[in-house]
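Asker: Sharing upload.pdb here; it has PDB, C-alpha atoms.
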ATOM      1  CA  MET A   1       0.000   0.000   0.000
ATOM      2  CA  ALA A   2       1.419   3.386  -0.982
ATOM      3  CA  ASN A   3       1.874   5.920   1.756
ATOM      4  CA  ASN A   4      -0.393   8.948   1.426
ATOM      5  CA  ALA A   5       0.432  10.600   4.751
ATOM      6  CA  THR A   6       1.278  14.289   4.670
ATOM      7  CA  PHE A   7       1.665  17.179   7.058
ATOM      8  CA  ARG A   8       1.756  20.931   6.958
ATOM      9  CA  THR A   9       1.777  23.758   9.449
ATOM     10  CA  GLU A  10      -0.649  26.648   9.620
ATOM     11  CA  GLY A  11       0.338  29.192  12.215
ATOM     12  CA  ASP A  12       0.869  27.266  15.440
ATOM     13  CA  THR A  13      -0.987  24.148  14.246
ATOM     14  CA  LEU A  14       0.490  20.973  12.777
ATOM     15  CA  LEU A  15      -2.050  19.373  10.442
ATOM     16  CA  LEU A  16      -1.633  15.695   9.586
ATOM     17  CA  ALA A  17      -3.507  13.934   6.787
ATOM     18  CA  GLY A  18      -3.807  10.459   5.306
ATOM     19  CA  VAL A  19      -3.131   7.117   6.971
ATOM     20  CA  ILE A  20      -0.642   7.334   9.831
ATOM     21  CA  ASN A  21       0.773   3.820   9.955
ATOM     22  CA  ARG A  22       4.223   2.229  10.266
ATOM     23  CA  GLU A  23       5.185   3.171   6.719
ATOM     24  CA  ALA A  24       4.118   6.778   7.262
ATOM     25  CA  VAL A  25       5.971   6.998  10.566
ATOM     26  CA  VAL A  26       9.239   5.919   8.951
ATOM     27  CA  ALA A  27       8.806   8.546   6.236
ATOM     28  CA  LEU A  28       7.477  11.413   8.367
ATOM     29  CA  TRP A  29       9.198  11.166  11.752
ATOM     30  CA  PRO A  30      12.500  12.871  10.790
ATOM     31  CA  GLN A  31      10.671  15.712   9.027
ATOM     32  CA  LEU A  32       8.118  16.206  11.799
ATOM     33  CA  THR A  33      10.678  16.488  14.578
ATOM     34  CA  ARG A  34      12.234  19.416  12.715
ATOM     35  CA  ALA A  35       8.823  21.067  12.112
ATOM     36  CA  LEU A  36       7.761  21.262  15.769
ATOM     37  CA  ALA A  37       9.461  24.475  16.907
ATOM     38  CA  PRO A  38       6.577  26.938  16.294
ATOM     39  CA  VAL A  39       3.792  24.366  16.755
ATOM     40  CA  ARG A  40       1.469  24.280  19.787
ATOM     41  CA  GLN A  41      -1.527  22.313  18.434
ATOM     42  CA  LEU A  42      -2.019  19.032  16.600
ATOM     43  CA  ASP A  43      -4.940  18.675  14.164
ATOM     44  CA  LEU A  44      -5.869  15.110  13.174
ATOM     45  CA  ALA A  45      -9.144  15.936  11.392
ATOM     46  CA  ALA A  46      -7.795  14.843   7.984
ATOM     47  CA  VAL A  47      -6.178  11.636   9.274
ATOM     48  CA  GLU A  48      -8.064   8.665   7.819
ATOM     49  CA  ALA A  49      -6.739   5.930  10.117
ATOM     50  CA  ILE A  50      -3.958   5.199  12.589
ATOM     51  CA  ASP A  51      -2.131   2.118  13.833
ATOM     52  CA  SER A  52       0.060   1.591  16.906
ATOM     53  CA  ALA A  53       3.177   2.958  15.168
ATOM     54  CA  GLY A  54       1.181   6.054  14.270
ATOM     55  CA  LEU A  55       0.050   6.365  17.875
ATOM     56  CA  ALA A  56       3.685   6.285  19.011
ATOM     57  CA  LEU A  57       4.453   9.122  16.609
ATOM     58  CA  LEU A  58       1.456  11.143  17.769
ATOM     59  CA  GLY A  59       2.367  10.550  21.407
ATOM     60  CA  GLU A  60       5.886  11.826  20.778
ATOM     61  CA  LEU A  61       4.581  14.852  18.877
ATOM     62  CA  ALA A  62       2.068  15.643  21.625
ATOM     63  CA  ALA A  63       4.798  15.378  24.282
ATOM     64  CA  GLY A  64       6.906  17.835  22.292
ATOM     65  CA  LEU A  65       3.988  20.233  22.083
ATOM     66  CA  ARG A  66       3.387  20.030  25.841
ATOM     67  CA  ALA A  67       7.089  20.672  26.481
ATOM     68  CA  HIS A  68       6.726  23.960  24.594
ATOM     69  CA  GLY A  69       3.542  25.071  26.374
ATOM     70  CA  GLY A  70       1.041  23.647  23.886
ATOM     71  CA  GLY A  71      -0.573  20.286  23.541
ATOM     72  CA  ASN A  72      -4.095  20.666  22.185
ATOM     73  CA  VAL A  73      -4.968  17.626  20.048
ATOM     74  CA  SER A  74      -8.088  17.766  17.878
ATOM     75  CA  GLY A  75      -9.656  15.199  15.586
ATOM     76  CA  SER A  76     -10.325  11.504  16.081
ATOM     77  CA  PRO A  77      -9.225   9.284  13.184
ATOM     78  CA  ALA A  78     -10.338   5.673  12.834
ATOM     79  CA  GLY A  79      -8.557   3.518  15.394
ATOM     80  CA  LEU A  80      -7.435   6.333  17.708
ATOM     81  CA  ASP A  81      -9.987   5.840  20.484
ATOM     82  CA  GLU A  82      -9.319   2.103  20.643
ATOM     83  CA  LEU A  83      -5.551   2.590  20.737
ATOM     84  CA  ARG A  84      -5.807   5.337  23.363
ATOM     85  CA  ALA A  85      -7.876   3.030  25.548
ATOM     86  CA  ALA A  86      -5.510   0.079  25.044
ATOM     87  CA  TYR A  87      -2.471   2.152  26.008
ATOM     88  CA  ARG A  88      -4.332   4.157  28.700
ATOM     89  CA  LEU A  89      -3.595   7.524  27.142
ATOM     90  CA  SER A  90      -5.363  10.758  27.920
ATOM     91  CA  PRO A  91      -7.206  12.655  25.156
ATOM     92  CA  SER A  92      -4.054  14.782  24.830
ATOM     93  CA  LEU A  93      -2.082  11.549  24.161
ATOM     94  CA  ASP A  94      -0.176  11.883  27.425
ATOM     95  CA  PHE A  95       1.633   8.633  28.269
ATOM     96  CA  ASN A  96       2.193   9.852  31.815
ATOM     97  CA  ALA A  97      -1.414  10.741  32.549
ATOM     98  CA  SER A  98      -2.687   9.501  35.889
ATOM     99  CA  SER A  99      -6.098   8.985  34.327
ATOM    100  CA  ALA A 100      -6.704   8.234  30.665
ATOM    101  CA  GLY A 101     -10.201   9.674  30.844
ATOM    102  CA  SER A 102     -12.799   7.261  29.605
TER     103      SER A 102
END
Output the structure of this file as structure tokens.

Answerer:
Amino acid sequence: MANNATFRTEGDTLLLAGVINREAVVALWPQLTRALAPVRQLDLAAVEAIDSAGLALLGELAAGLRAHGGGNVSGSPAGLDELRAAYRLSPSLDFNASSAGS
């Protein structure tokens, strides 16, 4: 399956699109870590689906946002709620959350 995942920034928001799976993570991770400096929000509205590798990427991105005073995550692609519940993540994708919020 060809990777169709993309990202762009608009102001202080990082917008992801496509399927965020293992293949996408390998392609996007190096680029995304360099794009985080001005970003404070993560928009997943155009993400079609996500797998566990994609969740790891999103968790890392969200942690970076929180470290810089941001951290708002919007959008709920297919698979995200199930993965968040399985890994006991908060809605902001915080791995260290005391409560994942049902």

Asker: Please write the residues picked by the PyMOL selection byres ((chain A and resi 30-36) around 9) on this file as an MDAnalysis selection string.

Answerer: chainID A and resid 7:9 14 25:29 37:40 61 64:65

Asker: What is the atom CA of Ala45 of chain A-atom CA of Leu15 of chain A distance in Å, reported with one decimal?

Answerer: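 Atom-to-atom, atom CA of Ala45 of chain A and atom CA of Leu15 of chain A are spaced 7.9 Å apart.
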
Asker: Would you mind reading off the distance between atom CA of Phe95 of chain A and atom CA of Ala56 of chain A, one decimal, in Å?

Answerer: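 Distance reported for this atom pair: 9.8 Å.
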
Asker: Evaluate the PyMOL selection byres ((chain A and resi 71-83) around 8) on the structure here and hand back the selected residues as a PyMOL selection string.

Answerer: chain A and resi 40-52+55+62-66+69-70+84-87+91-93

Asker: Between atom CA of Gly11 of chain A and atom CA of Ala67 of chain A, measure the distance and give it in Å to one decimal.

Answerer: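 If I compute the distance from atom CA of Gly11 of chain A to atom CA of Ala67 of chain A, I get 17.9 Å.
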
Asker: With 4 Å of padding per side, what axis-aligned box (centre and edge lengths, Å, one decimal) covers all the listed atoms of segment 74-92 of chain A? Give it as JSON.

Answerer:
{"center_x": -6.4, "center_y": 8.9, "center_z": 20.8, "size_x": 15.9, "size_y": 25.7, "size_z": 23.9}
